[in-house]
Amino acid sequence: MRFYKSLLSGLLLISVIHTGSFAQTTSCEAQLSAATAEFEAGRFYGIPSMLKPCIDNGFTREQRQRAFLLLTQAYLLLDDPIGADNSYLEVLRANPEFLADTARDQIDVVYLSKRFTASPIFSLSGRIGGNFSPISVISTINSSGEQGVDNKYKLRFGWQAAVGVDWHLSERIAVTAELNYAFTSYRKDQVKFNNDLEQFTDKQNWISVPLGVKYSFFVRERIRPYVFGGYAFNFLFSDKGQIKIFKRDAGEGSLDESSPEFSFNSYRTKLNTSLFLGIGAKYKVGIDFLFAEIRYNAGLTNVVKPTTTYGSTSPAIEYGHVDDYFRINNFSISVGYVKPLYKPRKLKHIRTKSVLKGIKKQGT
């Protein structure tokens with residue numbers, strides 16, 4: 001019984017809080033409507049005091065945009081440039097991508113808007129996803145000089161996670177940098193001269209620093225495609241492999257072998273480089289973005305140290321395994337979140353030519 005009383009009390013408390021919040025939002029909407037009516041009636045002086053209680057505590061982000069736009073118009077008509085500037089900055093803080101329009105806003109507001117911007121200088125991002133690592137063989141190496149050995153590389157699933165920063169040179173162009181962790185893997189199937197099948201599974205852990213350039217399309221739409229490319233430094237800090245041998249000679253019975261997991265760290269090139277290209281799209285959520293992208297990295301470095309290929313100390317030599325010389329490529333799909341660091345500010349150079357074009361276009 002005591003449990004049901006506690007549950008009922010909790011539900012009542014939530015209901016009261018929700019009702020109070022709804023009432024406050026409704027009240028502030030009514031206050032905004034009253035201030036708009038005062039403006040339309042030509043009574044400008046009382047508007048700031050009417051809106052102040054809800055500006056201090058009550059307006060939603062959308063209501064703040066409308067309220068400060070109204071104040072911007074009022075201050076312009078009252079010949080208060082400082083008040084107009086400060087109010088328009090608050091419009092951009094409420095909606096950093098707000099654009100004044102000659103078809104909707106007063107011409108004075110449109111001209112004023114060309115003196116300001118809130119476009120971000122930097123954006124922060126995080127992403128996570130899956131990958132596959134195709135192998136590009138530079139040179140095939142066979143153990144013991146065997147001829148006619150058939151090597152096939154198989155794709156295996158991996159994953160990656162990254163954080164990044166974009167430095168915006170303009171609305172469309174950004175310089176990008178990331179810190180990326182990736183787990184990659186592949187399998188090498190080798191059919192030997194005696195028809196035995198050797199399966200070598202290799203697993204790598206990487207830390208990468210991709211540096212690139214990004215170009216965005218449709219920068220004012222809800223969905224914004226982009227393309228990007230660049231150069232990446234990839235540090236291989238862990239490489240482990242395991243061998244399984246399947247005897248396929250019926251006379252030998254079930255003599256399949258499986259090795260322990262070996263460390264190949266000493267037999268790999270630690271610092272690798274790659275070129276990458278990709279496409280993606282951002283979806284606007286509030287003032288931030290969700291995104292999805294596809295990326296391809298083309299490896300440039302031989303992952304295998306040439307001096308260790310036939311080394312007698314190789315942990316897998318007793319199983320007859322020798323690495324080919326190869327590069328590791330990577331194909332990945334990721335989803336993530338972008339947080340632009342908007343910065344409402346006054347511009348050094350005023351852009352008014354577009355206003356005249358808009359007025360002429362509207363008049364035709």
# chains A, B, ... in the order shown; residues from 1 in each chain; ligands from 1

$ residues_around --residues "Lys282 in chain A" --least-positions-apart "3" --cutoff "8 Å" --atoms "only C-alpha atoms" --output "JSON, numbers by chain"
{"A": [222, 223, 224, 225, 226, 289, 290, 291, 292]}

$ select_by_dssp --residues "range 19-142 of chain A" --states "helix (DSSP H, G or I)" --output "short mmCIF file (atom, residue, chain, number, x, y, z; two decimals) with N, CA and C atoms, in the first residue's frame"
data_model
loop_
_atom_site.label_atom_id
_atom_site.label_comp_id
_atom_site.auth_asym_id
_atom_site.auth_seq_id
_atom_site.Cartn_x
_atom_site.Cartn_y
_atom_site.Cartn_z
N THR A 19 2.53 20.88 -15.60
CA THR A 19 1.46 21.87 -15.75
C THR A 19 2.00 23.27 -15.54
N GLY A 20 2.89 23.41 -14.53
CA GLY A 20 3.48 24.72 -14.26
C GLY A 20 4.34 25.19 -15.41
N SER A 21 5.11 24.28 -15.99
CA SER A 21 5.97 24.63 -17.12
C SER A 21 5.13 25.01 -18.33
N PHE A 22 4.05 24.26 -18.58
CA PHE A 22 3.17 24.56 -19.71
C PHE A 22 2.50 25.91 -19.51
N ALA A 23 2.08 26.19 -18.27
CA ALA A 23 1.40 27.45 -17.97
C ALA A 23 2.36 28.62 -18.18
N GLN A 24 3.62 28.44 -17.74
CA GLN A 24 4.60 29.51 -17.90
C GLN A 24 4.87 29.77 -19.38
N THR A 25 5.00 28.69 -20.19
CA THR A 25 5.23 28.84 -21.62
C THR A 25 4.07 29.54 -22.28
N THR A 26 2.84 29.14 -21.89
CA THR A 26 1.63 29.76 -22.44
C THR A 26 1.57 31.23 -22.06
N SER A 27 1.90 31.54 -20.79
CA SER A 27 1.88 32.92 -20.31
C SER A 27 2.87 33.77 -21.07
N CYS A 28 4.09 33.23 -21.31
CA CYS A 28 5.11 33.98 -22.04
C CYS A 28 4.72 34.16 -23.51
N GLU A 29 4.03 33.19 -24.07
CA GLU A 29 3.55 33.34 -25.44
C GLU A 29 2.52 34.46 -25.51
N ALA A 30 1.65 34.53 -24.50
CA ALA A 30 0.66 35.60 -24.44
C ALA A 30 1.35 36.96 -24.28
N GLN A 31 2.41 37.00 -23.47
CA GLN A 31 3.14 38.24 -23.27
C GLN A 31 3.85 38.67 -24.56
N LEU A 32 4.36 37.71 -25.29
CA LEU A 32 5.01 38.02 -26.57
C LEU A 32 3.98 38.54 -27.58
N SER A 33 2.80 37.94 -27.57
CA SER A 33 1.73 38.41 -28.46
C SER A 33 1.31 39.83 -28.11
N ALA A 34 1.22 40.13 -26.79
CA ALA A 34 0.86 41.48 -26.35
C ALA A 34 1.92 42.49 -26.76
N ALA A 35 3.21 42.12 -26.65
CA ALA A 35 4.29 43.02 -27.04
C ALA A 35 4.26 43.27 -28.54
N THR A 36 3.93 42.23 -29.30
CA THR A 36 3.82 42.39 -30.76
C THR A 36 2.68 43.35 -31.11
N ALA A 37 1.58 43.24 -30.38
CA ALA A 37 0.45 44.15 -30.61
C ALA A 37 0.84 45.59 -30.28
N GLU A 38 1.62 45.78 -29.21
CA GLU A 38 2.10 47.13 -28.86
C GLU A 38 2.98 47.68 -29.98
N PHE A 39 3.85 46.82 -30.52
CA PHE A 39 4.72 47.26 -31.61
C PHE A 39 3.90 47.69 -32.82
N GLU A 40 2.92 46.89 -33.19
CA GLU A 40 2.10 47.19 -34.36
C GLU A 40 1.28 48.44 -34.16
N ILE A 47 7.91 48.03 -24.67
CA ILE A 47 8.14 46.64 -25.09
C ILE A 47 9.26 45.95 -24.31
N PRO A 48 10.42 46.61 -24.09
CA PRO A 48 11.49 45.91 -23.33
C PRO A 48 11.05 45.47 -21.94
N SER A 49 10.33 46.32 -21.22
CA SER A 49 9.89 45.96 -19.87
C SER A 49 8.82 44.87 -19.90
N MET A 50 8.00 44.83 -20.95
CA MET A 50 6.99 43.78 -21.07
C MET A 50 7.65 42.40 -21.25
N LEU A 51 8.73 42.38 -22.01
CA LEU A 51 9.36 41.10 -22.34
C LEU A 51 10.39 40.64 -21.32
N LYS A 52 10.87 41.56 -20.46
CA LYS A 52 11.98 41.23 -19.57
C LYS A 52 11.72 40.03 -18.65
N PRO A 53 10.56 39.89 -18.00
CA PRO A 53 10.37 38.73 -17.10
C PRO A 53 10.54 37.39 -17.82
N CYS A 54 10.00 37.29 -19.02
CA CYS A 54 10.12 36.02 -19.76
C CYS A 54 11.49 35.85 -20.40
N ILE A 55 12.16 36.96 -20.72
CA ILE A 55 13.53 36.87 -21.23
C ILE A 55 14.43 36.33 -20.14
N ASP A 56 14.24 36.82 -18.91
CA ASP A 56 15.07 36.36 -17.79
C ASP A 56 14.80 34.91 -17.44
N ARG A 61 13.65 28.61 -26.77
CA ARG A 61 14.63 29.13 -27.73
C ARG A 61 13.93 29.82 -28.91
N GLU A 62 12.85 29.23 -29.40
CA GLU A 62 12.13 29.82 -30.54
C GLU A 62 11.47 31.14 -30.13
N GLN A 63 10.93 31.18 -28.93
CA GLN A 63 10.32 32.43 -28.44
C GLN A 63 11.36 33.52 -28.23
N ARG A 64 12.56 33.14 -27.75
CA ARG A 64 13.63 34.13 -27.57
C ARG A 64 14.01 34.74 -28.92
N GLN A 65 14.05 33.92 -29.95
CA GLN A 65 14.36 34.46 -31.27
C GLN A 65 13.34 35.51 -31.68
N ARG A 66 12.06 35.21 -31.53
CA ARG A 66 11.01 36.16 -31.93
C ARG A 66 11.02 37.40 -31.05
N ALA A 67 11.27 37.21 -29.75
CA ALA A 67 11.26 38.34 -28.82
C ALA A 67 12.39 39.31 -29.13
N PHE A 68 13.59 38.80 -29.33
CA PHE A 68 14.72 39.69 -29.59
C PHE A 68 14.68 40.28 -30.99
N LEU A 69 14.06 39.60 -31.93
CA LEU A 69 13.86 40.20 -33.25
C LEU A 69 12.89 41.38 -33.14
N LEU A 70 11.87 41.20 -32.31
CA LEU A 70 10.93 42.30 -32.07
C LEU A 70 11.64 43.48 -31.41
N LEU A 71 12.49 43.19 -30.43
CA LEU A 71 13.25 44.25 -29.76
C LEU A 71 14.22 44.92 -30.74
N THR A 72 14.83 44.15 -31.63
CA THR A 72 15.72 44.74 -32.64
C THR A 72 14.97 45.76 -33.48
N GLN A 73 13.77 45.40 -33.92
CA GLN A 73 12.96 46.30 -34.73
C GLN A 73 12.59 47.56 -33.94
N ALA A 74 12.22 47.34 -32.68
CA ALA A 74 11.82 48.48 -31.84
C ALA A 74 12.98 49.44 -31.61
N TYR A 75 14.17 48.90 -31.29
CA TYR A 75 15.32 49.76 -31.03
C TYR A 75 15.76 50.51 -32.29
N LEU A 76 15.62 49.88 -33.45
CA LEU A 76 15.94 50.58 -34.69
C LEU A 76 15.02 51.78 -34.89
N LEU A 77 13.74 51.59 -34.62
CA LEU A 77 12.78 52.68 -34.77
C LEU A 77 12.96 53.74 -33.70
N PRO A 81 21.00 52.38 -31.71
CA PRO A 81 21.81 51.38 -32.42
C PRO A 81 22.45 50.34 -31.50
N ILE A 82 22.84 50.75 -30.30
CA ILE A 82 23.46 49.80 -29.37
C ILE A 82 22.44 48.74 -28.94
N GLY A 83 21.23 49.19 -28.61
CA GLY A 83 20.18 48.25 -28.24
C GLY A 83 19.84 47.31 -29.38
N ALA A 84 19.81 47.85 -30.62
CA ALA A 84 19.50 47.01 -31.78
C ALA A 84 20.60 45.97 -32.00
N ASP A 85 21.87 46.41 -31.88
CA ASP A 85 22.98 45.47 -32.06
C ASP A 85 22.94 44.35 -31.02
N ASN A 86 22.76 44.73 -29.76
CA ASN A 86 22.74 43.73 -28.69
C ASN A 86 21.56 42.76 -28.85
N SER A 87 20.42 43.28 -29.28
CA SER A 87 19.24 42.43 -29.46
C SER A 87 19.45 41.46 -30.62
N TYR A 88 20.08 41.94 -31.70
CA TYR A 88 20.28 41.05 -32.84
C TYR A 88 21.30 39.96 -32.50
N LEU A 89 22.28 40.27 -31.68
CA LEU A 89 23.20 39.24 -31.22
C LEU A 89 22.47 38.15 -30.44
N GLU A 90 21.46 38.56 -29.66
CA GLU A 90 20.66 37.58 -28.91
C GLU A 90 19.80 36.73 -29.86
N VAL A 91 19.34 37.33 -30.96
CA VAL A 91 18.62 36.56 -31.98
C VAL A 91 19.53 35.43 -32.48
N LEU A 92 20.78 35.75 -32.76
CA LEU A 92 21.73 34.75 -33.27
C LEU A 92 22.11 33.73 -32.20
N ARG A 93 22.11 34.13 -30.93
CA ARG A 93 22.38 33.14 -29.88
C ARG A 93 21.23 32.15 -29.76
N ALA A 94 20.00 32.64 -29.99
CA ALA A 94 18.84 31.75 -29.95
C ALA A 94 18.78 30.86 -31.17
N ILE A 107 13.42 46.28 -43.81
CA ILE A 107 14.66 46.47 -44.55
C ILE A 107 15.79 46.89 -43.64
N ASP A 108 15.47 47.68 -42.57
CA ASP A 108 16.52 48.08 -41.61
C ASP A 108 17.10 46.86 -40.90
N VAL A 109 16.26 45.87 -40.59
CA VAL A 109 16.74 44.64 -39.93
C VAL A 109 17.62 43.85 -40.89
N VAL A 110 17.22 43.81 -42.15
CA VAL A 110 18.00 43.07 -43.14
C VAL A 110 19.39 43.69 -43.28
N TYR A 111 19.44 45.02 -43.38
CA TYR A 111 20.74 45.69 -43.48
C TYR A 111 21.57 45.46 -42.21
N LEU A 112 20.91 45.55 -41.06
CA LEU A 112 21.61 45.32 -39.79
C LEU A 112 22.19 43.90 -39.74
N SER A 113 21.43 42.92 -40.25
CA SER A 113 21.86 41.52 -40.17
C SER A 113 23.16 41.27 -40.94
#

$ atom_distance --atom1 "CA of Trp206 in chain A" --atom2 "CA of Asp166 in chain A"
21.9 Å

$ closest_residue --among "A:Gln199, A:Arg115, A:Asp324, A:Arg43" --to "Lys154 in chain A" --atoms "only C-alpha atoms"
A:Gln199

$ residues_around --residues "Ile333 in chain A" --least-positions-apart "4" --cutoff "9 Å" --atoms "only C-alpha atoms" --output "PyMOL selection string"
chain A and resi 128-131+292-295

$ atom_distance --atom1 "CA of Phe331 in chain A" --atom2 "CA of Lys188 in chain A"
18.0 Å

$ closest_atom_pairs --of "range 192-220 of chain A" --to "range 259-270 of chain A" --cutoff "12 Å" --atoms "only C-alpha atoms" --output "Markdown table"
| residue | atom | partner | partner_atom | distance |
| --- | --- | --- | --- | --- |
| A:Glu198 | CA | A:Ser259 | CA | 11.0 |
| A:Gln199 | CA | A:Ser259 | CA | 10.6 |
| A:Phe200 | CA | A:Ser259 | CA | 9.8 |
| A:Thr201 | CA | A:Glu261 | CA | 9.5 |
| A:Asp202 | CA | A:Phe264 | CA | 9.0 |
| A:Lys203 | CA | A:Phe264 | CA | 9.7 |
| A:Gln204 | CA | A:Asn265 | CA | 9.5 |
| A:Asn205 | CA | A:Asn265 | CA | 10.6 |
| A:Trp206 | CA | A:Lys270 | CA | 9.4 |
| A:Ile207 | CA | A:Lys270 | CA | 10.4 |
| A:Ser208 | CA | A:Lys270 | CA | 11.4 |

$ atom_distance --atom1 "CA of Ser133 in chain A" --atom2 "CA of Lys240 in chain A"
15.4 Å

$ closest_residue --among "A:Asn329, A:Thr301, A:Asn151, A:Ser123" --to "Asp189 in chain A" --atoms "only C-alpha atoms"
A:Asn151

$ closest_residue --among "A:Asn95, A:Ser274, A:Asn142, A:Thr176" --to "Ile121 in chain A" --atoms "only C-alpha atoms"
A:Thr176
